[in-house]
Amino acid sequence: VQLQASGGGLVQAGGSLRLSCTASGATLSFFDLAWYRQAPGKQRELVASISSRSSTNYAESVRGRFAIARDNAKSTVSLQMNKLMPEDTGAYYCWAKSVTFRREFWGQGTLVTVSS
């Protein structure tokens with residue numbers, strides 16, 4: 001499974017961005033999905049996740065501002081990011097884990113920069 005993330009960019013604080021991650025080589029119906037981010041000098045952290053049954057979970061720092069969604073027919077997972085803050089700056093990675101085989105896959109990062 002290959003994951004291709006897109007949608008990053010430079011945005012002013014208070015703005016919005018939508019990240020998208022498309023899978024090839026498999027449909028995502030039986031995968032748990034998530035977005036992680038890594039800020040400069042910090043460890044990678046979970047931002048949001050959505051299970052194969054569409055149960056969602058968010059980091060406290062983004063709850064109410066970000067929304068994760070999946071489209072199994074298109075093999076995509078998206079992250080709508082609103083009210084962005086400078087501390088949201090970092091490389092964002094999509095992640096998929098097969099429910100059946102428990103294998104994990106990572107996409108390449110897409111960079112989000114929020115200016116103050």
# chains A, B, ... in the order shown; residues from 1 in each chain; ligands from 1
call {"tool": "residues_around", "arguments": {"residues": "Tyr36 (chain A)", "least_positions_apart": "2", "cutoff": "10 Å", "atoms": "only C-alpha atoms", "output": "tab-separated table (two decimals) with C-alpha atoms, in the first residue's frame"}}
result
chain	number	residue	atom	x	y	z
A	34	ALA	CA	-4.82	8.67	11.06
A	38	GLN	CA	5.96	16.40	13.61
A	44	ARG	CA	5.80	12.85	15.97
A	45	GLU	CA	2.34	13.06	17.56
A	46	LEU	CA	-1.11	11.82	16.74
A	47	VAL	CA	-3.41	14.55	15.46
A	48	ALA	CA	-6.56	12.65	14.55
A	49	SER	CA	-7.64	9.11	13.81
A	59	ALA	CA	-5.68	15.34	20.06
A	90	GLY	CA	4.90	20.86	11.06
A	91	ALA	CA	5.11	17.97	8.67
A	92	TYR	CA	1.84	16.06	8.51
A	93	TYR	CA	1.86	12.33	7.78
A	94	CYS	CA	-0.99	10.03	6.91
A	95	TRP	CA	-0.99	6.55	8.42
A	106	TRP	CA	3.06	5.72	6.26
A	109	GLY	CA	4.96	14.18	4.91
call {"tool": "select_by_dssp", "arguments": {"residues": "region 26-113 of chain A", "states": "strand (DSSP E)", "output": "ChimeraX atom specification"}}
result
/A:31-38,45-50,56-58,66-71,76-81,90-98,104-106,110-113
call {"tool": "residues_around", "arguments": {"residues": "Ile68 (chain A)", "least_positions_apart": "2", "cutoff": "7 Å", "atoms": "only C-alpha atoms", "output": "PyMOL selection string"}}
result
chain A and resi 48-50+66+78-80
call {"tool": "write_last_selection", "arguments": {"atoms": "all heavy atoms", "output": "PDB file, in the first residue's frame"}}
result
ATOM      1  N   ALA A  48      -5.180  13.135  14.650  1.00  0.00           N
ATOM      2  CA  ALA A  48      -6.556  12.646  14.548  1.00  0.00           C
ATOM      3  C   ALA A  48      -6.548  11.257  13.956  1.00  0.00           C
ATOM      4  O   ALA A  48      -5.667  10.922  13.157  1.00  0.00           O
ATOM      5  CB  ALA A  48      -7.409  13.575  13.683  1.00  0.00           C
ATOM      6  N   SER A  49      -7.522  10.462  14.353  1.00  0.00           N
ATOM      7  CA  SER A  49      -7.637   9.112  13.811  1.00  0.00           C
ATOM      8  C   SER A  49      -9.093   8.799  13.506  1.00  0.00           C
ATOM      9  O   SER A  49     -10.008   9.414  14.075  1.00  0.00           O
ATOM     10  CB  SER A  49      -7.079   8.083  14.797  1.00  0.00           C
ATOM     11  OG  SER A  49      -7.852   8.053  15.981  1.00  0.00           O
ATOM     12  N   ILE A  50      -9.279   7.863  12.599  1.00  0.00           N
ATOM     13  CA  ILE A  50     -10.621   7.389  12.261  1.00  0.00           C
ATOM     14  C   ILE A  50     -10.516   5.893  12.031  1.00  0.00           C
ATOM     15  O   ILE A  50      -9.706   5.424  11.229  1.00  0.00           O
ATOM     16  CB  ILE A  50     -11.202   8.149  11.049  1.00  0.00           C
ATOM     17  CG1 ILE A  50     -12.641   7.700  10.780  1.00  0.00           C
ATOM     18  CG2 ILE A  50     -10.316   8.013   9.819  1.00  0.00           C
ATOM     19  CD1 ILE A  50     -13.373   8.648   9.817  1.00  0.00           C
ATOM     20  N   PHE A  66     -10.123  20.786  13.911  1.00  0.00           N
ATOM     21  CA  PHE A  66      -9.791  19.866  12.824  1.00  0.00           C
ATOM     22  C   PHE A  66     -10.879  18.810  12.690  1.00  0.00           C
ATOM     23  O   PHE A  66     -11.535  18.442  13.672  1.00  0.00           O
ATOM     24  CB  PHE A  66      -8.467  19.159  13.112  1.00  0.00           C
ATOM     25  CG  PHE A  66      -7.244  20.034  13.039  1.00  0.00           C
ATOM     26  CD1 PHE A  66      -7.318  21.409  12.976  1.00  0.00           C
ATOM     27  CD2 PHE A  66      -5.980  19.445  13.036  1.00  0.00           C
ATOM     28  CE1 PHE A  66      -6.183  22.199  12.913  1.00  0.00           C
ATOM     29  CE2 PHE A  66      -4.824  20.206  12.970  1.00  0.00           C
ATOM     30  CZ  PHE A  66      -4.932  21.589  12.917  1.00  0.00           C
ATOM     31  N   SER A  78      -8.962  12.493   4.663  1.00  0.00           N
ATOM     32  CA  SER A  78      -8.694  13.918   4.630  1.00  0.00           C
ATOM     33  C   SER A  78      -8.641  14.486   6.043  1.00  0.00           C
ATOM     34  O   SER A  78      -9.143  13.878   6.997  1.00  0.00           O
ATOM     35  CB  SER A  78      -9.768  14.635   3.814  1.00  0.00           C
ATOM     36  OG  SER A  78     -11.043  14.471   4.417  1.00  0.00           O
ATOM     37  N   LEU A  79      -8.041  15.652   6.125  1.00  0.00           N
ATOM     38  CA  LEU A  79      -7.980  16.379   7.390  1.00  0.00           C
ATOM     39  C   LEU A  79      -8.290  17.835   7.100  1.00  0.00           C
ATOM     40  O   LEU A  79      -7.483  18.523   6.466  1.00  0.00           O
ATOM     41  CB  LEU A  79      -6.609  16.243   8.050  1.00  0.00           C
ATOM     42  CG  LEU A  79      -6.486  16.868   9.436  1.00  0.00           C
ATOM     43  CD1 LEU A  79      -7.323  16.090  10.447  1.00  0.00           C
ATOM     44  CD2 LEU A  79      -5.029  16.922   9.883  1.00  0.00           C
ATOM     45  N   GLN A  80      -9.452  18.268   7.500  1.00  0.00           N
ATOM     46  CA  GLN A  80      -9.834  19.669   7.365  1.00  0.00           C
ATOM     47  C   GLN A  80      -9.329  20.401   8.591  1.00  0.00           C
ATOM     48  O   GLN A  80      -9.694  20.047   9.721  1.00  0.00           O
ATOM     49  CB  GLN A  80     -11.351  19.807   7.239  1.00  0.00           C
ATOM     50  CG  GLN A  80     -11.837  21.241   7.145  1.00  0.00           C
ATOM     51  CD  GLN A  80     -11.388  21.929   5.880  1.00  0.00           C
ATOM     52  OE1 GLN A  80     -11.412  21.349   4.801  1.00  0.00           O
ATOM     53  NE2 GLN A  80     -10.966  23.185   6.005  1.00  0.00           N
TER      54      GLN A  80
END
call {"tool": "closest_residue", "arguments": {"among": "A:Ala13, A:Ala67, A:Val62, A:Ala23", "to": "Leu84 (chain A)", "atoms": "only C-alpha atoms"}}
result
A:Ala13
